[in-house]
>>> print(open('protein-v3.txt').read())   # compact mmCIF, C-alpha atoms and all ligand atoms
# COMPACT_ATOMS: atom_id res chain seq x y z
CA MET W 1169 2.80 -30.65 -4.88
CA LYS W 1170 5.24 -30.74 -7.77
CA SER W 1171 8.67 -31.45 -6.36
CA ILE W 1172 11.42 -29.27 -7.77
CA ARG W 1173 14.79 -30.77 -7.00
CA THR W 1174 16.82 -30.20 -10.16
CA ALA W 1175 17.00 -27.49 -12.82
CA SER W 1176 15.28 -29.79 -15.32
CA ASP W 1177 12.20 -29.92 -13.02
CA LEU W 1178 11.69 -26.20 -13.68
CA ALA W 1179 8.98 -25.21 -16.13
CA ILE W 1180 11.32 -22.59 -17.51
CA HIS W 1181 13.31 -25.52 -18.92
CA GLY W 1182 10.32 -27.21 -20.53
CA ALA W 1183 8.76 -29.16 -17.62
CA PRO W 1184 5.01 -28.62 -17.03
CA PRO W 1185 4.22 -25.71 -14.67
CA ALA W 1186 3.71 -26.53 -11.00
CA PHE W 1187 0.24 -24.94 -10.95
CA ALA W 1188 -2.42 -25.23 -13.66
CA GLU W 1189 -3.86 -21.82 -12.70
CA ILE W 1190 -1.92 -18.64 -12.04
CA VAL W 1191 -1.26 -17.91 -8.36
CA HIS W 1192 -1.23 -14.12 -8.08
CA VAL W 1193 0.27 -11.57 -5.75
CA GLY W 1194 -2.63 -9.22 -4.99
CA ARG W 1195 -5.54 -11.69 -5.22
CA PRO W 1196 -8.47 -9.79 -3.66
CA ASN W 1197 -9.70 -10.84 -0.22
CA MET W 1198 -13.43 -11.31 -0.56
CA GLY W 1199 -15.74 -11.50 2.47
CA SER W 1200 -19.08 -13.31 2.68
CA ARG W 1201 -20.80 -13.43 -0.69
CA ALA W 1202 -24.21 -13.99 0.97
CA ARG W 1203 -23.80 -10.95 3.24
CA PHE W 1204 -22.68 -8.83 0.30
CA GLY W 1205 -25.76 -10.00 -1.63
CA GLU W 1206 -28.01 -8.82 1.21
CA LEU W 1207 -26.41 -5.38 1.24
CA VAL W 1208 -26.61 -5.07 -2.55
CA ALA W 1209 -30.31 -6.02 -2.43
CA ARG W 1210 -30.89 -3.04 -0.14
CA ILE W 1211 -29.15 -0.75 -2.64
CA PHE W 1212 -31.67 -1.87 -5.24
CA GLU W 1213 -34.53 -1.23 -2.81
CA ASN W 1214 -33.28 2.19 -1.67
CA ARG W 1215 -32.10 3.36 -5.09
CA TRP W 1216 -29.35 5.29 -3.38
CA VAL W 1217 -26.12 4.43 -5.12
CA THR W 1218 -23.62 7.21 -4.43
CA ASN W 1219 -23.23 10.75 -2.94
CA HIS W 1220 -22.65 9.92 0.73
CA GLY W 1221 -25.24 7.14 0.99
CA PRO W 1222 -26.03 5.16 4.14
CA TYR W 1223 -23.34 2.53 3.58
CA VAL W 1224 -20.61 5.12 3.07
CA LEU W 1225 -21.68 6.94 6.24
CA GLU W 1226 -21.75 3.69 8.21
CA LEU W 1227 -18.37 2.66 6.84
CA GLU W 1228 -16.79 6.02 7.71
CA GLU W 1229 -18.06 5.70 11.27
CA ARG W 1230 -16.79 2.15 11.66
CA LEU W 1231 -13.41 2.91 10.13
CA ALA W 1232 -12.89 6.00 12.30
CA GLU W 1233 -13.75 3.96 15.38
CA ARG W 1234 -11.37 1.19 14.32
CA MET W 1235 -8.52 3.62 13.69
CA GLY W 1236 -9.24 5.59 16.87
CA VAL W 1237 -9.50 8.86 14.93
CA ARG W 1238 -12.13 11.59 14.85
CA HIS W 1239 -12.64 11.43 11.08
CA CYS W 1240 -12.25 8.93 8.31
CA VAL W 1241 -13.41 10.37 4.99
CA CYS W 1242 -13.95 7.72 2.32
CA ILE W 1243 -12.75 8.53 -1.20
CA CYS W 1244 -13.16 6.63 -4.47
CA ASN W 1245 -9.53 5.44 -4.56
CA GLY W 1246 -6.26 5.87 -2.72
CA THR W 1247 -4.59 8.04 -5.36
CA LEU W 1248 -7.36 10.63 -5.35
CA ALA W 1249 -7.39 10.47 -1.56
CA LEU W 1250 -3.68 11.37 -1.64
CA GLU W 1251 -4.29 14.24 -4.09
CA ILE W 1252 -7.10 15.62 -1.94
CA ALA W 1253 -5.03 15.30 1.24
CA ILE W 1254 -2.07 17.03 -0.45
CA ARG W 1255 -4.26 19.98 -1.46
CA ALA W 1256 -6.17 20.07 1.80
CA VAL W 1257 -3.04 20.41 3.97
CA GLY W 1258 -1.71 23.05 1.57
CA LEU W 1259 1.42 21.37 0.20
CA SER W 1260 3.25 23.28 -2.52
CA GLY W 1261 6.71 23.67 -4.09
CA GLU W 1262 8.68 20.55 -3.15
CA VAL W 1263 7.61 17.61 -1.02
CA ILE W 1264 9.96 14.89 0.21
CA VAL W 1265 8.88 11.31 -0.48
CA PRO W 1266 10.58 7.96 -0.78
CA SER W 1267 11.30 6.76 -4.31
CA TYR W 1268 10.86 3.19 -3.11
CA THR W 1269 7.04 3.18 -3.16
CA PHE W 1270 4.19 2.66 -5.62
CA ILE W 1271 4.26 5.33 -8.31
CA ALA W 1272 0.98 6.86 -7.06
CA THR W 1273 2.76 8.48 -4.10
CA ALA W 1274 4.88 10.59 -6.46
CA HIS W 1275 2.24 11.06 -9.14
CA ALA W 1276 -0.30 12.43 -6.65
CA LEU W 1277 2.15 15.29 -6.04
CA SER W 1278 3.11 16.01 -9.63
CA TRP W 1279 -0.57 15.86 -10.63
CA GLN W 1280 -1.00 18.81 -8.23
CA GLY W 1281 1.94 20.71 -9.77
CA ILE W 1282 4.20 19.85 -6.83
CA THR W 1283 7.75 18.50 -7.25
CA PRO W 1284 8.35 15.17 -5.52
CA VAL W 1285 11.87 15.13 -4.10
CA PHE W 1286 13.06 11.59 -3.49
CA ALA W 1287 14.89 10.75 -0.28
CA ASP W 1288 16.69 7.48 0.32
CA ILE W 1289 15.47 4.69 2.55
CA ASP W 1290 16.92 2.71 5.41
CA PRO W 1291 18.00 -0.60 3.83
CA VAL W 1292 16.84 -2.53 6.90
CA THR W 1293 13.36 -1.05 7.40
CA HIS W 1294 12.77 -0.13 3.70
CA ASN W 1295 11.18 3.08 5.04
CA LEU W 1296 12.38 6.68 4.72
CA ASP W 1297 15.73 7.34 6.36
CA PRO W 1298 15.31 10.52 8.49
CA ALA W 1299 18.93 11.56 7.84
CA ALA W 1300 18.32 11.33 4.09
CA VAL W 1301 15.14 13.40 4.48
CA ARG W 1302 17.15 16.13 6.19
CA ARG W 1303 19.60 16.19 3.28
CA MET W 1304 16.81 16.89 0.76
CA ILE W 1305 15.25 19.92 2.52
CA THR W 1306 15.45 23.18 0.55
CA PRO W 1307 13.74 26.57 0.97
CA ARG W 1308 10.99 25.28 -1.36
CA THR W 1309 10.17 22.23 0.78
CA SER W 1310 6.65 22.38 2.20
CA GLY W 1311 6.21 18.88 3.55
CA ILE W 1312 7.06 15.21 3.90
CA ILE W 1313 4.95 12.25 2.86
CA GLY W 1314 6.08 9.19 4.77
CA VAL W 1315 5.04 5.78 3.46
CA HIS W 1316 4.44 2.83 5.80
CA LEU W 1317 5.97 0.46 3.32
CA TRP W 1318 4.71 -3.13 3.42
CA GLY W 1319 2.56 -1.98 6.37
CA ARG W 1320 5.58 -1.43 8.65
CA PRO W 1321 5.32 2.03 10.24
CA ALA W 1322 7.61 4.81 9.00
CA PRO W 1323 9.90 6.37 11.69
CA HIS W 1324 7.24 8.78 12.90
CA ALA W 1325 9.04 10.29 15.91
CA GLU W 1326 12.07 11.30 13.81
CA LEU W 1327 10.01 12.57 10.89
CA ALA W 1328 7.76 14.58 13.21
CA GLU W 1329 10.84 16.15 14.79
CA ILE W 1330 12.19 17.17 11.35
CA ALA W 1331 8.78 18.55 10.38
CA ARG W 1332 8.59 20.55 13.60
CA GLU W 1333 12.12 21.95 13.27
CA HIS W 1334 11.61 23.03 9.65
CA ARG W 1335 7.91 23.94 9.90
CA LEU W 1336 6.90 21.29 7.37
CA GLN W 1337 3.64 19.45 6.98
CA LEU W 1338 3.84 15.72 7.70
CA ILE W 1339 1.32 13.31 6.23
CA TYR W 1340 1.43 9.58 5.55
CA ASP W 1341 0.67 7.29 2.66
CA ALA W 1342 -0.75 4.43 4.71
CA ALA W 1343 -1.91 2.44 1.68
CA HIS W 1344 -0.27 -0.75 3.00
CA ALA W 1345 -0.83 -0.28 6.69
CA PHE W 1346 -4.53 -0.76 7.37
CA GLY W 1347 -5.01 -2.18 10.86
CA GLY W 1348 -1.49 -1.42 12.08
CA SER W 1349 -0.22 0.71 14.96
CA LEU W 1350 2.90 2.43 16.26
CA ASP W 1351 3.67 2.99 19.94
CA GLY W 1352 0.03 2.56 20.88
CA ILE W 1353 -1.29 4.92 18.18
CA ARG W 1354 -3.31 3.19 15.51
CA ILE W 1355 -2.33 3.92 11.90
CA GLY W 1356 -4.69 6.70 10.84
CA GLY W 1357 -3.75 8.91 13.77
CA LEU W 1358 -0.16 9.84 12.83
CA GLY W 1359 0.87 13.16 11.27
CA ARG W 1360 -1.73 15.68 10.13
CA CYS W 1361 -3.53 12.97 8.23
CA GLU W 1362 -3.02 9.49 6.86
CA VAL W 1363 -4.19 8.24 3.50
CA PHE W 1364 -5.40 4.70 2.85
CA SER W 1365 -5.94 2.65 -0.27
CA PHE W 1366 -8.76 0.12 -0.23
CA HIS W 1367 -7.87 -1.18 -3.68
CA ALA W 1368 -8.75 -4.77 -4.58
CA THR W 1369 -5.14 -5.87 -4.00
CA LYS W 1370 -4.96 -4.53 -0.45
CA VAL W 1371 -5.49 -6.57 2.71
CA TYR W 1372 -8.74 -4.69 3.18
CA ASN W 1373 -10.58 -3.68 0.03
CA THR W 1374 -13.72 -1.93 -1.11
CA PHE W 1375 -13.09 -3.05 -4.75
CA GLU W 1376 -11.69 0.43 -5.44
CA GLY W 1377 -11.50 2.92 -2.60
CA GLY W 1378 -9.46 4.95 -0.21
CA ALA W 1379 -9.76 7.29 2.74
CA VAL W 1380 -8.23 10.24 4.53
CA ALA W 1381 -8.06 9.77 8.30
CA THR W 1382 -7.39 12.67 10.65
CA ASN W 1383 -8.03 14.08 14.11
CA ASP W 1384 -8.14 17.61 12.70
CA ASP W 1385 -11.80 18.75 12.43
CA GLU W 1386 -11.07 21.61 10.06
CA LEU W 1387 -8.95 19.47 7.77
CA ALA W 1388 -11.64 16.78 7.67
CA GLN W 1389 -14.19 19.40 6.67
CA THR W 1390 -11.92 20.63 3.86
CA VAL W 1391 -11.39 17.06 2.62
CA ARG W 1392 -15.16 16.49 2.61
CA LEU W 1393 -15.70 19.69 0.61
CA MET W 1394 -12.97 18.82 -1.88
CA ARG W 1395 -14.35 15.31 -2.31
CA ASN W 1396 -17.70 16.77 -3.40
CA PHE W 1397 -16.83 19.58 -5.86
CA GLY W 1398 -16.62 22.08 -2.97
CA PHE W 1399 -20.38 21.96 -2.31
CA SER W 1400 -21.52 23.18 1.08
CA GLY W 1401 -25.22 22.36 0.89
CA TYR W 1402 -27.35 22.72 -2.22
CA ASP W 1403 -26.22 25.22 -4.87
CA ASN W 1404 -23.45 26.63 -2.68
CA VAL W 1405 -19.87 26.00 -3.80
CA ILE W 1406 -17.22 27.41 -1.48
CA TYR W 1407 -14.08 25.53 -2.52
CA PRO W 1408 -12.37 24.22 -5.65
CA GLY W 1409 -13.27 20.56 -5.44
CA THR W 1410 -13.25 17.36 -7.40
CA ASN W 1411 -15.35 14.22 -7.49
CA GLY W 1412 -13.82 11.81 -5.00
CA LYS W 1413 -17.00 10.17 -3.76
CA MET W 1414 -17.15 6.50 -2.87
CA THR W 1415 -20.10 4.52 -4.27
CA GLU W 1416 -22.53 2.50 -2.16
CA ILE W 1417 -21.52 -0.76 -3.82
CA CYS W 1418 -17.89 -0.15 -2.78
CA ALA W 1419 -18.93 0.78 0.75
CA ALA W 1420 -21.05 -2.40 0.93
CA MET W 1421 -17.97 -4.47 0.07
CA GLY W 1422 -16.08 -2.47 2.68
CA LEU W 1423 -18.62 -3.30 5.38
CA VAL W 1424 -18.55 -6.99 4.51
CA ASN W 1425 -14.76 -7.14 4.34
CA LEU W 1426 -14.43 -5.35 7.66
CA GLU W 1427 -16.33 -8.22 9.28
CA CYS W 1428 -13.91 -10.71 7.71
CA LEU W 1429 -10.69 -8.77 8.27
CA PRO W 1430 -9.55 -10.84 11.29
CA GLN W 1431 -9.68 -13.97 9.12
CA PHE W 1432 -7.70 -12.29 6.32
CA VAL W 1433 -4.99 -11.16 8.73
CA ALA W 1434 -4.87 -14.55 10.47
CA ALA W 1435 -4.44 -16.30 7.11
CA ASN W 1436 -1.68 -13.88 6.10
CA ARG W 1437 0.12 -14.41 9.40
CA ALA W 1438 -0.13 -18.21 9.11
CA ASN W 1439 1.24 -18.04 5.55
CA HIS W 1440 4.07 -15.78 6.69
CA GLN W 1441 5.01 -18.35 9.34
CA ARG W 1442 4.87 -21.14 6.73
CA TYR W 1443 7.15 -19.15 4.45
CA GLN W 1444 9.53 -18.61 7.39
CA ARG W 1445 9.75 -22.34 8.00
CA ALA W 1446 10.00 -23.19 4.30
CA PHE W 1447 12.88 -20.75 3.71
CA ASP W 1448 14.75 -21.84 6.81
CA GLY W 1449 18.39 -22.51 6.02
CA ILE W 1450 18.43 -20.95 2.54
CA ALA W 1451 21.61 -18.92 2.57
CA GLN W 1452 21.66 -15.43 1.06
CA LEU W 1453 17.90 -15.01 1.30
CA ALA W 1454 16.07 -12.82 3.82
CA LEU W 1455 12.32 -12.84 4.45
CA LEU W 1456 10.97 -9.48 5.62
CA ASP W 1457 9.73 -9.81 9.19
CA TYR W 1458 6.93 -8.01 11.02
CA ASP W 1459 6.91 -6.77 14.60
CA PRO W 1460 3.78 -8.09 16.34
CA ALA W 1461 3.86 -4.93 18.51
CA HIS W 1462 2.74 -3.00 15.39
CA SER W 1463 -0.33 -5.26 14.91
CA PRO W 1464 0.72 -5.80 11.29
CA ASN W 1465 -1.60 -7.17 8.61
CA TYR W 1466 1.19 -9.44 7.24
CA GLN W 1467 0.00 -8.78 3.71
CA TYR W 1468 3.29 -8.55 1.87
CA ILE W 1469 5.62 -11.53 1.67
CA VAL W 1470 8.88 -9.82 0.72
CA ILE W 1471 12.14 -11.62 0.11
CA GLU W 1472 15.54 -10.09 -0.54
CA LEU W 1473 18.16 -11.96 -2.54
CA LEU W 1474 21.33 -11.04 -0.71
CA PRO W 1475 24.85 -10.72 -2.15
CA GLY W 1476 26.09 -14.22 -2.88
CA TYR W 1477 22.72 -15.55 -4.05
CA ALA W 1478 23.66 -17.46 -7.21
CA THR W 1479 20.87 -16.47 -9.63
CA PRO W 1480 20.00 -12.94 -10.79
CA ARG W 1481 16.71 -11.70 -9.34
CA ASP W 1482 14.95 -11.40 -12.70
CA GLN W 1483 15.77 -15.03 -13.54
CA VAL W 1484 14.26 -16.14 -10.23
CA VAL W 1485 11.09 -14.17 -11.01
CA ALA W 1486 11.02 -15.70 -14.51
CA ALA W 1487 11.39 -19.20 -13.04
CA LEU W 1488 8.50 -18.57 -10.62
CA ASN W 1489 6.35 -17.09 -13.38
CA ALA W 1490 6.97 -20.14 -15.57
CA GLU W 1491 5.47 -22.25 -12.75
CA ASN W 1492 2.40 -19.95 -12.85
CA ILE W 1493 3.46 -18.24 -9.63
CA LEU W 1494 3.07 -14.56 -10.46
CA ALA W 1495 5.69 -13.09 -8.13
CA ARG W 1496 6.28 -9.32 -8.48
CA LYS W 1497 9.27 -6.97 -8.36
CA TYR W 1498 7.56 -4.27 -6.28
CA PHE W 1499 8.69 -1.43 -6.29
CA TRP W 1500 11.31 -1.80 -9.00
CA PRO W 1501 12.87 0.27 -10.47
CA GLY W 1502 11.92 3.05 -7.97
CA CYS W 1503 9.85 6.11 -8.87
CA HIS W 1504 12.96 8.11 -9.80
CA ARG W 1505 13.70 5.68 -12.62
CA MET W 1506 10.19 6.01 -14.09
CA GLN W 1507 8.81 8.84 -16.21
CA PRO W 1508 8.50 11.74 -15.92
CA TYR W 1509 10.97 11.67 -12.99
CA ARG W 1510 13.71 9.77 -14.83
CA GLY W 1511 13.79 12.46 -17.52
CA LEU W 1512 13.51 15.33 -15.06
CA TYR W 1513 16.18 14.14 -12.61
CA PRO W 1514 18.51 11.78 -14.47
CA HIS W 1515 21.06 11.84 -11.63
CA ALA W 1516 18.62 11.29 -8.74
CA GLY W 1517 20.04 7.80 -8.27
CA LEU W 1518 23.26 9.28 -6.90
CA MET W 1519 21.32 10.28 -3.77
CA LEU W 1520 19.42 6.97 -3.63
CA PRO W 1521 21.94 4.14 -3.34
CA HIS W 1522 19.88 2.06 -0.88
CA THR W 1523 16.72 2.51 -2.94
CA GLN W 1524 18.43 1.30 -6.10
CA ALA W 1525 20.13 -1.66 -4.43
CA LEU W 1526 16.94 -2.79 -2.69
CA ALA W 1527 14.77 -2.38 -5.79
CA ASP W 1528 17.13 -4.74 -7.59
CA ARG W 1529 16.99 -7.53 -4.99
CA VAL W 1530 13.36 -7.72 -3.79
CA ILE W 1531 10.70 -10.20 -4.83
CA VAL W 1532 7.12 -10.07 -3.51
CA LEU W 1533 5.41 -13.46 -3.20
CA PRO W 1534 1.74 -14.46 -3.11
CA ASN W 1535 -0.25 -14.37 0.13
CA GLY W 1536 -3.84 -14.33 1.33
CA PRO W 1537 -6.51 -16.78 2.50
CA GLU W 1538 -6.84 -18.41 -0.94
CA LEU W 1539 -3.15 -19.20 -1.33
CA PRO W 1540 -2.73 -22.96 -1.96
CA GLU W 1541 -0.53 -24.28 0.86
CA ALA W 1542 1.51 -26.31 -1.64
CA CYS W 1543 2.54 -23.07 -3.31
CA ILE W 1544 4.78 -22.10 -0.41
CA GLY W 1545 6.69 -25.38 -0.58
CA THR W 1546 7.12 -25.10 -4.34
CA ILE W 1547 8.39 -21.54 -4.07
CA ALA W 1548 10.86 -22.62 -1.39
CA ASP W 1549 12.07 -25.50 -3.61
CA ILE W 1550 12.67 -23.07 -6.47
CA VAL W 1551 14.50 -20.39 -4.50
CA ARG W 1552 16.58 -23.09 -2.76
CA LEU W 1553 17.52 -24.63 -6.09
CA LEU W 1554 18.55 -21.27 -7.55
CA ALA W 1555 20.35 -20.02 -4.39
N1 LIG J 1601 0.30 4.38 -2.37
C1 LIG J 1601 0.81 3.15 -2.27
C2 LIG J 1601 2.00 2.93 -1.39
C3 LIG J 1601 0.23 2.09 -2.98
O1 LIG J 1601 0.75 0.84 -2.89
C4 LIG J 1601 -0.90 2.35 -3.79
C5 LIG J 1601 -1.50 1.28 -4.56
C6 LIG J 1601 -1.41 3.67 -3.84
C7 LIG J 1601 -0.77 4.66 -3.11
C8 LIG J 1601 -2.58 4.04 -4.69
O2 LIG J 1601 -3.79 3.51 -4.22
P1 LIG J 1601 -4.99 3.19 -5.29
O3 LIG J 1601 -5.25 4.44 -6.07
O4 LIG J 1601 -4.56 2.04 -6.15
O5 LIG J 1601 -6.15 2.85 -4.38
C9 LIG J 1601 -1.40 -2.71 -7.72
C10 LIG J 1601 -2.63 -1.92 -7.33
O6 LIG J 1601 -3.40 -1.56 -8.47
C11 LIG J 1601 -2.33 -0.69 -6.52
O7 LIG J 1601 -3.54 -0.32 -5.88
C12 LIG J 1601 -1.30 -1.00 -5.44
N2 LIG J 1601 -0.89 0.17 -4.72
C13 LIG J 1601 -0.07 -1.63 -6.06
C14 LIG J 1601 0.96 -1.98 -5.03
O8 LIG J 1601 -0.45 -2.82 -6.71
P2 LIG J 1601 -0.35 -3.12 -10.08
O9 LIG J 1601 0.02 -2.23 -11.19
O10 LIG J 1601 0.66 -4.06 -9.56
O11 LIG J 1601 -1.74 -3.87 -10.40
P3 LIG J 1601 -2.02 -5.19 -11.24
O12 LIG J 1601 -3.17 -4.93 -12.12
O13 LIG J 1601 -0.77 -5.70 -11.85
O14 LIG J 1601 -2.56 -6.22 -10.15
C15 LIG J 1601 -1.72 -6.77 -9.17
C16 LIG J 1601 -2.00 -8.24 -9.02
O15 LIG J 1601 -3.24 -8.47 -8.41
C17 LIG J 1601 -1.98 -9.05 -10.30
O16 LIG J 1601 -1.11 -10.13 -10.10
C18 LIG J 1601 -3.38 -9.57 -10.47
C19 LIG J 1601 -4.01 -9.45 -9.10
N3 LIG J 1601 -5.41 -8.99 -9.18
C20 LIG J 1601 -5.63 -7.66 -9.37
C21 LIG J 1601 -6.93 -7.19 -9.44
C22 LIG J 1601 -7.19 -5.73 -9.66
C23 LIG J 1601 -6.43 -9.90 -9.05
O17 LIG J 1601 -6.19 -11.10 -8.91
N4 LIG J 1601 -7.74 -9.42 -9.10
C24 LIG J 1601 -8.02 -8.11 -9.28
O18 LIG J 1601 -9.21 -7.72 -9.28
O19 LIG J 1601 -0.83 -2.16 -8.88
>>> encode(input="protein-v3.txt", output="structure tokens", more="lines below")
Ligand code: T4K
Amino acid sequence: MKSIRTASDLAIHGAPPAFAEIVHVGRPNMGSRARFGELVARIFENRWVTNHGPYVLELEERLAERMGVRHCVCICNGTLALEIAIRAVGLSGEVIVPSYTFIATAHALSWQGITPVFADIDPVTHNLDPAAVRRMITPRTSGIIGVHLWGRPAPHAELAEIAREHRLQLIYDAAHAFGGSLDGIRIGGLGRCEVFSFHATKVYNTFEGGAVATNDDELAQTVRLMRNFGFSGYDNVIYPGTNGKMTEICAAMGLVNLECLPQFVAANRANHQRYQRAFDGIAQLALLDYDPAHSPNYQYIVIELLPGYATPRDQVVAALNAENILARKYFWPGCHRMQPYRGLYPHAGLMLPHTQALADRVIVLPNGPELPEACIGTIADIVRLLA
């Protein structure tokens, strides 16, 4: 491991980078190559490659069982799964979402002609603040999309109470939260439905993919219709639909990765513990923690540079990048400061002080089974030096 003790050891100042190859945030977790090969061979034999093939059906059954829900409808990616869920539950007008999330949460609404209204977050949990949600309700509000940011569950009891009081729909963007739970309910079973991303960068991936999970039979049926152009049997279209089908090759990866998921989560947890030890004693730095009671997947290693930290956040990211450690500034600058929302609501930031402050102090660090152990020590050296 390259030891970084002084500023002149930093690659940003001309020293060689700590790692010859880039260490990424979001490196895909890949299950057994041999097992995947076997499943792909069967695709060649069957010549069934998409349109609800045997692997997709098997995956849906396994995922539903895992999440403890009646239905898990696989979709070709998480964003389209969100759009379908939004239409299927009948959202319209305005929908309250956090701004501190990946842009897809907001775009899925505006793509459906719905106005995302951004509510502020709790600076401790990074999730929607129920009091802020209440402040953003208008007569045009039709629903709330909670996000389980970093895989930590949104405050479901409070959001459900607000939804009940104001007769709003409540659904979740559970893109980060695969495998988690809240108060004994597995993620997938909260709200009217929960939407997953199985993108390559997620703890559990199907290359590209997503799903809508629900216990509502009628809603599941609508999602299935919408996913397949609105077809109900041959030649009979009964709904305005789109093409949200998952391919067999993606489902095959999903089946293989499901078998390996415990190893992925164990590796993430071990890395998180190593980061905890490595950062011990660094003043003005906080590592986001996970509550084991929520059976977290420990995917995101999130640090906050607190007031008093000596170096601006962007310079810390630049120093890490120069060492070939591709740390990220997720979810800077917040959806409200990206287009089209920045142009539409130039003063939204006034209602989002915690979002703006957090977006300016977070860094997301690499994780996953392939993470070189030395990387954690080097990162700790760098952030200690710059503290
Ligand atoms: N809601 C939330 C809360 C989400 O976080 C997301 C997705 C969605 C909805 C939408 O779900 P999807 O429609 O994507 O299924 C990445 C992912 O593309 C995106 O799926 C994810 N959230 C978001 C948090 O991260 P970018 O723009 O950061 O991607 P990119 O290309 O910069 O890749 C991230 C890192 O991963 C890079 O350092 C390289 C590495 N990487 C990536 C890929 C694709 C690899 O090493 N190999 C790969 O194959 O958005």
>>> residues_near_ligand(input="protein-v3.txt", ligand="ligand LIG 1601 (chain J)", cutoff="6 Å", atoms="all atoms listed in the file", output="number ranges by chain")
W: 1192-1196, 1245-1247, 1269-1270, 1272-1273, 1341, 1343, 1365-1369, 1377-1378
>>> atom_distance(input="protein-v3.txt", atom1="CA of Arg1496 in chain W", atom2="CA of Ile1531 in chain W")
5.8 Å
>>> residues_around(input="protein-v3.txt", residues="Thr1283 in chain W", least_positions_apart="6", cutoff="7 Å", atoms="only C-alpha atoms", output="list in words")
Gly1261, Glu1262, Val1263 and Leu1277 of chain W
>>> write_last_selection(input="protein-v3.txt", atoms="C-alpha atoms", output="PDB file, in the coordinates of the input")
ATOM      1  CA  GLY W1261       6.710  23.670  -4.090  1.00  0.00           C
ATOM      2  CA  GLU W1262       8.680  20.550  -3.150  1.00  0.00           C
ATOM      3  CA  VAL W1263       7.610  17.610  -1.020  1.00  0.00           C
ATOM      4  CA  LEU W1277       2.150  15.290  -6.040  1.00  0.00           C
TER       5      LEU W1277
END
>>> residues_around(input="protein-v3.txt", residues="Gln1507 in chain W", least_positions_apart="4", cutoff="10 Å", atoms="all atoms listed in the file", output="list in words")
Ile1271, His1275, Cys1503, Gly1511, Leu1512 and Tyr1513 of chain W
>>> closest_atom_pairs(input="protein-v3.txt", of="range 1260-1336 of chain W", to="range 1438-1458 of chain W", cutoff="12 Å", atoms="only C-alpha atoms", output="tab-separated table")
residue	atom	partner	partner_atom	distance
W:Pro1291	CA	W:Leu1456	CA	11.5
W:Val1292	CA	W:Leu1456	CA	9.2
W:Thr1293	CA	W:Leu1456	CA	8.9
W:His1294	CA	W:Leu1456	CA	9.7
W:Leu1317	CA	W:Leu1456	CA	11.4
W:Trp1318	CA	W:Leu1456	CA	9.2
W:Gly1319	CA	W:Tyr1458	CA	8.8
W:Arg1320	CA	W:Tyr1458	CA	7.1
W:Pro1321	CA	W:Tyr1458	CA	10.2
>>> atom_distance(input="protein-v3.txt", atom1="CA of Ala1209 in chain W", atom2="CA of Arg1395 in chain W")
26.6 Å
>>> closest_residue(input="protein-v3.txt", among="W:Ile1547, W:Leu1553, W:Ile1243, W:Ile1471", to="Arg1529 in chain W", atoms="all atoms listed in the file")
W:Ile1471
>>> build_atoms(input="protein-v3.txt", residues="range 1400-1410 of chain W", atoms="N, CA and C atoms", output="mmCIF file, in the coordinates of the input")
data_model
loop_
_atom_site.group_PDB
_atom_site.id
_atom_site.type_symbol
_atom_site.label_atom_id
_atom_site.label_comp_id
_atom_site.auth_asym_id
_atom_site.auth_seq_id
_atom_site.Cartn_x
_atom_site.Cartn_y
_atom_site.Cartn_z
ATOM 1 N N SER W 1400 -21.122 23.095 -0.313
ATOM 2 C CA SER W 1400 -21.520 23.180 1.080
ATOM 3 C C SER W 1400 -23.034 23.365 1.067
ATOM 4 N N GLY W 1401 -23.758 22.270 1.034
ATOM 5 C CA GLY W 1401 -25.220 22.360 0.890
ATOM 6 C C GLY W 1401 -25.593 22.552 -0.582
ATOM 7 N N TYR W 1402 -26.873 22.573 -0.834
ATOM 8 C CA TYR W 1402 -27.350 22.720 -2.220
ATOM 9 C C TYR W 1402 -26.914 24.044 -2.828
ATOM 10 N N ASP W 1403 -26.467 24.022 -4.045
ATOM 11 C CA ASP W 1403 -26.220 25.220 -4.870
ATOM 12 C C ASP W 1403 -25.178 26.170 -4.290
ATOM 13 N N ASN W 1404 -24.395 25.709 -3.312
ATOM 14 C CA ASN W 1404 -23.450 26.630 -2.680
ATOM 15 C C ASN W 1404 -22.040 26.035 -2.715
ATOM 16 N N VAL W 1405 -21.237 26.507 -3.685
ATOM 17 C CA VAL W 1405 -19.870 26.000 -3.800
ATOM 18 C C VAL W 1405 -18.919 26.993 -3.146
ATOM 19 N N ILE W 1406 -18.103 26.493 -2.203
ATOM 20 C CA ILE W 1406 -17.220 27.410 -1.480
ATOM 21 C C ILE W 1406 -15.751 27.023 -1.596
ATOM 22 N N TYR W 1407 -15.456 26.030 -2.431
ATOM 23 C CA TYR W 1407 -14.080 25.530 -2.520
ATOM 24 C C TYR W 1407 -13.865 24.949 -3.899
ATOM 25 N N PRO W 1408 -12.612 24.971 -4.419
ATOM 26 C CA PRO W 1408 -12.370 24.220 -5.650
ATOM 27 C C PRO W 1408 -12.310 22.738 -5.297
ATOM 28 N N GLY W 1409 -13.224 21.978 -5.814
ATOM 29 C CA GLY W 1409 -13.270 20.560 -5.440
ATOM 30 C C GLY W 1409 -13.187 19.648 -6.639
ATOM 31 N N THR W 1410 -13.259 18.361 -6.342
ATOM 32 C CA THR W 1410 -13.250 17.360 -7.400
ATOM 33 C C THR W 1410 -14.347 16.352 -7.065
#
